[in-house]
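Following: one structure in C-alpha cells, then a few remarks.
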4 protein chains.
Amino acid sequence: MLKIGVLGATGFTGEKLVEILAGHKEVEISYLCSRIQDPVPYGEYFPRFKNIVDIPLEHMDVEKAAQMCDLLFLSLPHTVSMEKAAYLLEKGKKVIDLSADYRIKDPAVYEKYYGTTHLDQKNLDKAVYGLPEFFKPEIKSADLIANPGCYPTSIELALLPLLKENMIDKEIIADAISAISGAGRKPKLEYHFQNVSNNAWAYKPFVHQHLPEMSYVLETVSGRPAELVFVPHVAGIETGIISTIHVKLKPQSKEEQIRSVYAQYYEDCFFVRVKEHLPCLKEVANTNFCDIGFALSPCKKKAVIVSCIDNLVKGAAGQAVQNMNLICGFKETEGLI
Amino acid sequence: MLKIGVLGATGFTGEKLVEILAGHKEVEISYLCSRIQDPVPYGEYFPRFKNIVDIPLEHMDVEKAAQMCDLLFLSLPHTVSMEKAAYLLEKGKKVIDLSADYRIKDPAVYEKYYGTTHLDQKNLDKAVYGLPEFFKPEIKSADLIANPGCYPTSIELALLPLLKENMIDKEIIADAISAISGAGRKPKLEYHFQNVSNNAWAYKPFVHQHLPEMSYVLETVSGRPAELVFVPHVAGIETGIISTIHVKLKPQSKEEQIRSVYAQYYEDCFFVRVKEHLPCLKEVANTNFCDIGFALSPCKKKAVIVSCIDNLVKGAAGQAVQNMNLICGFKETEGLI
Amino acid sequence: MLKIGVLGATGFTGEKLVEILAGHKEVEISYLCSRIQDPVPYGEYFPRFKNIVDIPLEHMDVEKAAQMCDLLFLSLPHTVSMEKAAYLLEKGKKVIDLSADYRIKDPAVYEKYYGTTHLDQKNLDKAVYGLPEFFKPEIKSADLIANPGCYPTSIELALLPLLKENMIDKEIIADAISAISGAGRKPKLEYHFQNVSNNAWAYKPFVHQHLPEMSYVLETVSGRPAELVFVPHVAGIETGIISTIHVKLKPQSKEEQIRSVYAQYYEDCFFVRVKEHLPCLKEVANTNFCDIGFALSPCKKKAVIVSCIDNLVKGAAGQAVQNMNLICGFKETEGLI
Amino acid sequence: MLKIGVLGATGFTGEKLVEILAGHKEVEISYLCSRIQDPVPYGEYFPRFKNIVDIPLEHMDVEKAAQMCDLLFLSLPHTVSMEKAAYLLEKGKKVIDLSADYRIKDPAVYEKYYGTTHLDQKNLDKAVYGLPEFFKPEIKSADLIANPGCYPTSIELALLPLLKENMIDKEIIADAISAISGAGRKPKLEYHFQNVSNNAWAYKPFVHQHLPEMSYVLETVSGRPAELVFVPHVAGIETGIISTIHVKLKPQSKEEQIRSVYAQYYEDCFFVRVKEHLPCLKEVANTNFCDIGFALSPCKKKAVIVSCIDNLVKGAAGQAVQNMNLICGFKETEGLI
C-alpha cells in the first residue's frame, strides 16, 4: 500500500481528496495536516468521516510528512505550496500540487496574476501539467505534478482537439459558471447561504488568474495562437463548472469532422465523454468525468461548445488522484468510479 | 409623514424593515444607522435599494436619531437595545424594539438565558409585548414595544386560543424548522452556502432562549400552565419558520370546536389564516401572514398543529410595522400587502 | 378604480401579475380566468392569496372578460393570445399581451419560430412593443401592447444605447442564465426539484424563439445591423435572468463614453440602474429593476456587459404593469416599489 | 461474480442501486428493466452512467430476469413487487424487495394502509426484515428480504436499543423531514422545482403508511408496547431524512446509561454512528450511515433523539446492498464506502 499524505486537508479540495483516497484500494492515508493547532481525529474534525478516516489531523509538519509518506498531495494556498514542494522533492517524494504554483511556466506571468515572486524556479521547470488526456507519458514519469485549475480543465479539454487540428479561429469567448465551493471555505459574508442561494454573478472578467494558465496550455499544446476572453460566474449551486465556449469554425470544419476529431482524441480517455447533445452539470456531479457537447449555428460558421465537470473532482481532487494512478502504475480509474 | 429611524439597519431584520418601510405610504425613512464607520448611501451599501432608499447609512448616534425621528425601530443585538431604548424613551420617542431585551418580564430569567444583567428595569415594566392578535389595545397606547421573537410568534399564535379555552393539556411538544436567516448575517463557517444548502439540523434542544418568552406568554395570556418542549431546527431554506406542535386534547375538544375557537379568535385578524389543511411554508414567504392548520389523530385524543410564518416578516420586521401601524393609527395592513 | 382582468391567471406570470395588481392603488382585479373547469376562489387555488385576492378564478370566457373589465392582461400561451386579443380590441378594451403573438412584426418569422400561422395581421401592425425605456410615447397611446420577452428585455436594455450610438460592432455574443420559472408550470420531469436543484444546462443555442424578437428590436431601434449569437441556460435558481454580453468596441468607445451614453439614455428611467460594478442577480429579485454593469478588456477593445432582471417582473408581469401605468396615466412606479 | 438484476431501474431508488452496484467489486449488473418500451443503453437513458453502465435498460420481463441473474433487487411500486417476487423465489433466486410488500406481516394491516389485498401470503411469512443491525443472522440465510422503509430505518435504529432495554416510555413522538426524492420521480406539479425549493410542509400526520411498519418492528423486536405519533415533512433538500424523536425517560435512564446502551448495541455496527452531539443531515448524505445523537431535558425526565440517514442509501438502496452483502457472505461494507 502506497503511503499518502494530504497537506491542507481541511479545504474543500483537501476534504474531497481524503474522500476519494479513503475508497482507493491501493493506498493508505498516512498523514493529514492543516493549520490546526492541536491534533484531532479527522473523523471528529469532519464528522462525516467518522469510522472511515480516523487518523489524526495534525498541525502541518513537512518533515514528518516526508518521513511518513511516499506521495504527497499539496492542497495549500498558492505561494505556500512552492515552499513545501521543494523540500519534499529533495527528500525524494512524489508531489502532486493542487495549487497554482507550478502551472504557469513564466515566473513573470505568475507574479503578475498571483502577486508574488516565484521562489522555486528549478522545480517549476520540472513540473508536469497534470492533464492526463494530453500529458499522459510525461505524467507517468513525473516527480512533481502541477494539477490543473478547475476552469482550465473544463475549457482546455473542450478546445484542445479543435485547436490542434486547426478547426477553429483563434478568437474564443468562454463564459463559465462555477459552484461557490471553488472559492474555498473562508467564512466570508459573500459566501453566506443567504447571499449565494438563488444568486448568480460574474467576476474578474478578462483578468481571472486561470486565464494565463489556459492561454499558455492552449497555445503550447496546439502550437497555434489562442485569444481567449474568459468571464467566470458563480451561481447558487453546490458542485460543478459549466463552460459555454463560443468559437468560429474554419471553413473546412463540418459537424461530422468536429465529432470525429473529438472521438479520435478521446477514444482512449475514459473520463471524457463527448455527448450527442449539450451536457448538463448534474450528470457529472461527484464524478471525474468531463462531458462535452457542441452545436453549430444555422450558418455553420460558428459553434458553441459546452463542457461540464465537477469542480472539486475532475477540476481538482479527482484529477489529482487520476494523476497519482498514472504515476504509480495503478488502474487509471481506481478510486474514481 | 411620520419620521422613522432604524437603528441596526444592516442585519437581515433591519434590511427587511427598510424594505417594508420604503413601500409604506405614511412614513418617511429619515435615519438609518449601524456599526459602520463612514456614512455611505444605503442604496450603495445594499445595491438592491438603489433608487429606492438613497439616504445615508450612518454610524450609530442615538442623539441624532432622537432629533431626526418620531419613531425608532431598534434592530440591535440584545443588551445593546436596552441602552438605546432608555434614552429614546426619555426624549419622548416611540420605540419598537426587535431585540429580546424587553420581552421577558423577569430580569432573573433574562439573565439566565441572555447571560447579562438587565439594565433597564423601569422600561421593562412599561414595555408592551407586540403580538397584535392578543395585545392590540395595549399596543395602541404603548411607547415601547417588545416585538416578539420569530419562533414565539409562530408558536403562540398556534397555541393561545386553545390554551385559553382549556382545550389542550399543558404538556406540549414543538419542533420548528427555521431558515438560516434567523441566525443573522455573521460570516460564520456554519452559515457558508456549502454547509447550509441541502442540510438540516436541530440545535439548542430544551434550552433555546425563546423558550422562556413562549412559556411566559402562553401562561400569562391563557392563565393556565404550559409545559413546552421546544426543539428548533435549521434547514437549507432562505425564508420562514414552520412549527409542528403536538398537543393532547381535553375530552371536550372536538375538531369542529377547535376550528370554531380559532375562527372566533382570529376572525378580525387579517394576518392569521386558519387553513382547512396543513399549511406550507412557501405560502407565507415574503408576507406578514401566519398560516395555521391542524389534524387530529385517529383516536381523536391528540392533535398536531402546524404554523408557518416568514421569520423576517411576521417573525420580525413585518410584525414591527404592524405594531407601528397600530400605535400611529394607520391602517393595520399598510405597507404589509 | 380601473377594472382589470387577467386571462391565464394560473401560470407563473399570471400569478405574479395578480400579486402585483393586488398591491396597486389605482386598479381593481375584476376577472381572473384559466383553463380551470369549475370556479374556485383565487385564494383557494393559490392559498398564498387568501385574504388578499378572493374573487373567483373562472373558466376562460372572453365575452365576460370584456363586459367586466377595462383593461386585460393576456398571460396565455402564444397562438391563444391572438384569438382573444382581436375580440377584446374590437370591444374597445385595452390589451396587454404577455405572449409572443404580437412581438414579431413579420408573420413569416413568427411562423418559423412559433410553428403556426399568424391569424391577426391587422392588430400585429397596431401593436406597440412594450419596452417603456424606448417606446414610452407610443405605449401611452397604445390599445395593444406586445409585452417583451424576458431574455429580450434583459439584452435589449443592455445593448440599445450602445448600438444606437454606434459604439459597438454588430457581432455580439450573449450567454444568459434563467430561472426555471421561465419554462412555465408544466409538471415535466425536467422541472422536478431533483433535476433542477444544483443543475445548469444550455438549451436551444442559436435558435431560441426570443432571438428574432431581439434582432428585430435591436436593428429597428438602432438603425444598425446586429448579428447576435444567443445561448440561453437554465440553472437551479428560482428567480431571474443574468445575461452576459460580449461586444467589440468601436475605436472611439472609451469607458467614460460608454458610461455617459448609458447615463444619458437612462437618466429618466427609474427601473434601469447602471451600476459601477457588475450587478448580481439577487439584487433585482422580486423587483422591476434591470441592473446593468460592464467591464472593458485590458486592451480596451472589448467589453462584457452584464444585465440582470427578475424574469417574472421586469421580464414579464412587472413590465406589463409598468406599461399599464403609462397607458392609464398612473405614476410609472405605482405597484412596482 | 454474482449476477445481479434490478427490476425498476429508473426510479430514484433503482438509479441509486445501479450507482452503488456499479462500484461493487463482487457483482456484475446483468439485467436492468423498467416500464420502458424499447431497450436503450442505461448510460443513454441516464447520461450520467455513460461509460459506467452501458448494458441495456429493457422492458420488464421477469422470466428473462430469472434466467440472467442470481439475485434480484425489486425497486417496484408496492403491489407490483409481490407478483414478481413469488415467481423469482420459485425459480430459486434470492430477492431483495425494496417495496413495502413484505414488510408488514399482517395482511389486514397491509390492506388498510396500501389499499389492496396481499396476494403472496406464503412468502410474506418467509420474508426477513432487512434491518441488519437487528436481524443479521436471519438475513444471512434469507431468500427474500423485505428492505425497510426510509423513515422506519431512521426511527427504529434510534429507538430499538432504548425500547428493548426498557429505558423509555411507550409514548413517543417523531417529527421527520425528508428530501422530496422519497416521493419518487413522478412529474407532479407538487414536485416542481419552484414549489419545492425553499419550501417545507407536513403531510399524512398520524396516518403515514410507514407507521404500522415502525409500530410492528418496535413492538416485536423490543417485546414492549410503543405508541408512536409520526408526522413526516418534506423540505427543499435533495437528500436525506432527519428524524427528531421525543421520548420520556424511565427513572433509571441516566445520560451515561443511554450512551452505554447505544454503544453496546452498535459497537459492531459499522453503519450506525452514535454521536456526542446532535448529528446533521449533510454528514450522512451519499453514505450508508445512520447518525444518532440525543440530548436530555434540564429535568432529565425527557430526551430528544435525532437520527439522520440518506433516504436513498441507508433508507433504501444502500441498505439493500448491505443486505445482499450479508446474504452472499461479502464484506458487509463492500460497495458502501
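Residues in the C-alpha cells are named by chain (A, B, ... in the order shown) and by number from 1 within that chain; ligands are numbered from 1 in the order shown.
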**Study point:** Expected answer as number ranges by chain: chain D residues within 9 Å of chain C, only C-alpha atoms
**Key:** D: 180-181, 185-197, 236-238
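Close contacts of Ala317 of chain D, defined as residues with an atom at most 9 Å away when counting only C-alpha atoms, with chain neighbours fewer than 4 positions off set aside, comprise D:Thr13, D:Gly14, D:Glu15, D:Lys16, D:Leu17, D:Val18, D:Ile20, D:Ser75, D:Leu98, D:Asn147, D:Asn288, D:Asn311, D:Leu312, D:Val313, D:Val321, D:Gln322.
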Practice item. Find the spatial neighbours of Ile104 of chain A, counting only C-alpha atoms, within a cut-off of 8 Å - ignore same-chain residues fewer than 4 positions away - and output them as an NGL selection string. Key: :A and (100 or 109-110 or 212-213 or 216)
Exercise for review: Identify, on the basis of only C-alpha atoms, every residue whose closest approach to segment 24-34 of chain A does not exceed 9 Å; exclude the query and any residue fewer than 6 positions from it along the same chain; express the result as a ChimeraX atom specification.
Suggested key: /A:1-11,18,42,53,55-61,64-65,68-69,72,76,330,334-336
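Shortest separation to Ala22 of chain C among C:Lys91, C:His277, C:Lys50, C:Lys204 occurs at residue C:Lys50, atoms counted being only C-alpha atoms.
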Point to revise | Residues of segment 52-275 of chain C in strand (DSSP E), written as a ChimeraX atom specification | key: /C:56-59,71-74,94-97,128-129,144-146,168-178,200-202,227-235,241-249,272-274
Run DSSP on the backbone and grab whatever in segment 87-319 of chain A lands in alpha helix (DSSP H); send it over as a compact mmCIF listing (two decimals) with N, CA and C atoms, in the first residue's frame.
```txt
# COMPACT_ATOMS: atom_id res chain seq x y z
N TYR A 87 11.05 21.10 -0.62
CA TYR A 87 11.60 20.22 0.43
C TYR A 87 11.25 18.76 0.17
N LEU A 88 9.99 18.52 -0.17
CA LEU A 88 9.53 17.14 -0.34
C LEU A 88 10.21 16.47 -1.54
N LEU A 89 10.41 17.24 -2.60
CA LEU A 89 11.08 16.69 -3.78
C LEU A 89 12.53 16.34 -3.46
N GLU A 90 13.12 17.20 -2.68
CA GLU A 90 14.51 16.96 -2.26
C GLU A 90 14.63 15.65 -1.48
N PRO A 107 7.71 32.85 -14.75
CA PRO A 107 7.61 33.47 -13.41
C PRO A 107 7.06 34.89 -13.44
N ALA A 108 7.29 35.60 -14.53
CA ALA A 108 6.77 36.97 -14.60
C ALA A 108 5.24 36.96 -14.69
N VAL A 109 4.73 36.01 -15.46
CA VAL A 109 3.27 35.92 -15.56
C VAL A 109 2.69 35.47 -14.21
N TYR A 110 3.38 34.52 -13.58
CA TYR A 110 2.95 34.09 -12.25
C TYR A 110 2.86 35.29 -11.32
N GLU A 111 3.89 36.07 -11.31
CA GLU A 111 3.93 37.23 -10.40
C GLU A 111 2.81 38.22 -10.71
N LYS A 112 2.55 38.41 -11.99
CA LYS A 112 1.51 39.36 -12.37
C LYS A 112 0.14 38.91 -11.84
N TYR A 113 -0.16 37.64 -11.97
CA TYR A 113 -1.51 37.18 -11.62
C TYR A 113 -1.64 36.75 -10.16
N TYR A 114 -0.53 36.34 -9.54
CA TYR A 114 -0.65 35.86 -8.16
C TYR A 114 0.02 36.82 -7.17
N GLN A 121 12.06 28.26 -8.98
CA GLN A 121 12.22 28.20 -10.45
C GLN A 121 12.68 26.82 -10.91
N LYS A 122 13.56 26.21 -10.14
CA LYS A 122 14.14 24.93 -10.54
C LYS A 122 13.05 23.88 -10.75
N ASN A 123 12.17 23.76 -9.76
CA ASN A 123 11.12 22.76 -9.89
C ASN A 123 10.02 23.18 -10.85
N LEU A 124 9.86 24.48 -11.01
CA LEU A 124 8.89 24.97 -11.99
C LEU A 124 9.20 24.38 -13.37
N ASP A 125 10.47 24.31 -13.68
CA ASP A 125 10.86 23.76 -14.98
C ASP A 125 10.56 22.26 -15.07
N LYS A 126 10.67 21.57 -13.96
CA LYS A 126 10.46 20.12 -13.97
C LYS A 126 8.99 19.70 -13.90
N PRO A 132 -4.20 14.55 -17.84
CA PRO A 132 -3.80 13.24 -18.35
C PRO A 132 -4.16 13.02 -19.82
N GLU A 133 -5.25 13.65 -20.26
CA GLU A 133 -5.68 13.41 -21.63
C GLU A 133 -4.67 13.95 -22.64
N PHE A 134 -3.77 14.83 -22.20
CA PHE A 134 -2.78 15.38 -23.13
C PHE A 134 -1.33 15.18 -22.69
N PHE A 135 -1.12 14.79 -21.45
CA PHE A 135 0.26 14.66 -20.96
C PHE A 135 0.51 13.32 -20.28
N LYS A 136 -0.16 12.28 -20.74
CA LYS A 136 -0.05 11.01 -20.04
C LYS A 136 1.38 10.49 -19.94
N PRO A 137 2.15 10.46 -21.01
CA PRO A 137 3.52 9.93 -20.87
C PRO A 137 4.36 10.73 -19.89
N GLU A 138 4.27 12.05 -19.96
CA GLU A 138 5.05 12.88 -19.07
C GLU A 138 4.62 12.68 -17.62
N ILE A 139 3.33 12.54 -17.40
CA ILE A 139 2.82 12.35 -16.04
C ILE A 139 3.37 11.06 -15.45
N LYS A 140 3.38 10.00 -16.26
CA LYS A 140 3.82 8.70 -15.75
C LYS A 140 5.22 8.74 -15.15
N CYS A 150 -9.47 24.39 -12.13
CA CYS A 150 -10.79 23.83 -12.45
C CYS A 150 -11.32 24.39 -13.77
N TYR A 151 -11.35 25.71 -13.89
CA TYR A 151 -11.80 26.27 -15.17
C TYR A 151 -10.92 25.79 -16.33
N PRO A 152 -9.58 25.81 -16.18
CA PRO A 152 -8.74 25.34 -17.29
C PRO A 152 -9.04 23.91 -17.71
N THR A 153 -9.28 23.02 -16.75
CA THR A 153 -9.58 21.64 -17.11
C THR A 153 -10.79 21.59 -18.03
N SER A 154 -11.83 22.30 -17.62
CA SER A 154 -13.07 22.30 -18.37
C SER A 154 -12.89 22.88 -19.77
N ILE A 155 -12.16 23.96 -19.85
CA ILE A 155 -12.07 24.68 -21.13
C ILE A 155 -11.00 24.08 -22.04
N GLU A 156 -9.89 23.64 -21.48
CA GLU A 156 -8.84 23.04 -22.32
C GLU A 156 -9.32 21.73 -22.96
N LEU A 157 -10.02 20.91 -22.19
CA LEU A 157 -10.50 19.65 -22.77
C LEU A 157 -11.48 19.90 -23.91
N ALA A 158 -12.24 20.98 -23.79
CA ALA A 158 -13.19 21.31 -24.85
C ALA A 158 -12.50 21.83 -26.09
N LEU A 159 -11.42 22.56 -25.92
CA LEU A 159 -10.82 23.28 -27.05
C LEU A 159 -9.61 22.60 -27.68
N LEU A 160 -8.81 21.91 -26.91
CA LEU A 160 -7.52 21.45 -27.45
C LEU A 160 -7.65 20.63 -28.73
N PRO A 161 -8.56 19.66 -28.80
CA PRO A 161 -8.62 18.89 -30.06
C PRO A 161 -8.90 19.78 -31.27
N LEU A 162 -9.82 20.73 -31.10
CA LEU A 162 -10.19 21.58 -32.24
C LEU A 162 -9.08 22.55 -32.59
N LEU A 163 -8.40 23.02 -31.59
CA LEU A 163 -7.32 23.98 -31.84
C LEU A 163 -6.13 23.27 -32.48
N LYS A 164 -5.78 22.12 -31.96
CA LYS A 164 -4.66 21.37 -32.54
C LYS A 164 -4.92 21.02 -34.00
N PHE A 193 -25.03 31.56 3.02
CA PHE A 193 -26.13 30.91 2.31
C PHE A 193 -27.11 31.92 1.71
N GLN A 194 -27.47 32.93 2.50
CA GLN A 194 -28.48 33.88 2.03
C GLN A 194 -28.00 34.68 0.81
N ASN A 195 -26.69 34.82 0.68
CA ASN A 195 -26.20 35.57 -0.48
C ASN A 195 -26.03 34.69 -1.71
N VAL A 196 -25.72 33.43 -1.51
CA VAL A 196 -25.39 32.56 -2.65
C VAL A 196 -26.63 31.88 -3.22
N HIS A 210 -6.89 32.21 -13.80
CA HIS A 210 -6.80 30.99 -14.61
C HIS A 210 -6.60 31.28 -16.10
N LEU A 211 -6.76 32.54 -16.48
CA LEU A 211 -6.64 32.88 -17.89
C LEU A 211 -5.24 32.59 -18.44
N PRO A 212 -4.16 33.06 -17.79
CA PRO A 212 -2.83 32.78 -18.36
C PRO A 212 -2.52 31.29 -18.41
N GLU A 213 -3.02 30.53 -17.44
CA GLU A 213 -2.83 29.08 -17.48
C GLU A 213 -3.47 28.49 -18.74
N MET A 214 -4.71 28.89 -18.99
CA MET A 214 -5.41 28.37 -20.17
C MET A 214 -4.73 28.81 -21.45
N SER A 215 -4.38 30.10 -21.53
CA SER A 215 -3.76 30.60 -22.75
C SER A 215 -2.46 29.86 -23.03
N TYR A 216 -1.66 29.69 -21.99
CA TYR A 216 -0.37 29.02 -22.16
C TYR A 216 -0.58 27.58 -22.64
N VAL A 217 -1.46 26.84 -22.00
CA VAL A 217 -1.68 25.44 -22.37
C VAL A 217 -2.28 25.33 -23.77
N LEU A 218 -3.28 26.16 -24.03
CA LEU A 218 -3.90 26.10 -25.35
C LEU A 218 -2.87 26.36 -26.45
N GLU A 219 -2.05 27.35 -26.24
CA GLU A 219 -1.10 27.74 -27.29
C GLU A 219 0.06 26.75 -27.41
N THR A 220 0.62 26.32 -26.28
CA THR A 220 1.78 25.43 -26.39
C THR A 220 1.36 24.04 -26.85
N VAL A 221 0.24 23.56 -26.38
CA VAL A 221 -0.17 22.21 -26.79
C VAL A 221 -0.61 22.18 -28.25
N SER A 222 -1.30 23.23 -28.66
CA SER A 222 -1.81 23.22 -30.03
C SER A 222 -0.80 23.77 -31.03
N GLU A 255 -19.71 19.58 -39.06
CA GLU A 255 -20.15 18.93 -37.83
C GLU A 255 -19.54 17.54 -37.67
N GLU A 256 -19.58 16.76 -38.76
CA GLU A 256 -19.08 15.38 -38.63
C GLU A 256 -17.57 15.36 -38.37
N GLN A 257 -16.87 16.36 -38.89
CA GLN A 257 -15.43 16.39 -38.66
C GLN A 257 -15.10 16.77 -37.22
N ILE A 258 -15.87 17.69 -36.71
CA ILE A 258 -15.67 18.05 -35.30
C ILE A 258 -15.91 16.83 -34.43
N ARG A 259 -17.01 16.17 -34.70
CA ARG A 259 -17.33 14.98 -33.90
C ARG A 259 -16.22 13.93 -34.04
N SER A 260 -15.72 13.82 -35.24
CA SER A 260 -14.70 12.80 -35.49
C SER A 260 -13.37 13.16 -34.80
N VAL A 261 -13.04 14.42 -34.79
CA VAL A 261 -11.81 14.84 -34.10
C VAL A 261 -11.92 14.57 -32.60
N TYR A 262 -13.04 14.93 -32.04
CA TYR A 262 -13.23 14.65 -30.60
C TYR A 262 -13.12 13.15 -30.35
N ALA A 263 -13.79 12.38 -31.19
CA ALA A 263 -13.80 10.93 -30.99
C ALA A 263 -12.38 10.37 -31.03
N GLN A 264 -11.62 10.86 -31.96
CA GLN A 264 -10.24 10.38 -32.13
C GLN A 264 -9.37 10.76 -30.93
N TYR A 265 -9.50 11.98 -30.46
CA TYR A 265 -8.68 12.40 -29.32
C TYR A 265 -9.07 11.68 -28.04
N TYR A 266 -10.35 11.42 -27.89
CA TYR A 266 -10.81 10.96 -26.57
C TYR A 266 -11.23 9.49 -26.57
N GLY A 318 -10.15 14.78 -7.99
CA GLY A 318 -10.27 13.57 -8.81
C GLY A 318 -9.15 13.50 -9.83
N GLN A 319 -8.91 14.62 -10.47
CA GLN A 319 -7.82 14.65 -11.45
C GLN A 319 -6.48 14.40 -10.77
```
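Going from atom CA of Phe206 of chain C over to atom CA of Phe294 of chain A, you cover 11.5 Å.
Our summary of the geometry notes that atom CA of Asn166 of chain B is positioned 18.6 Å from atom CA of Gly293 of chain B.
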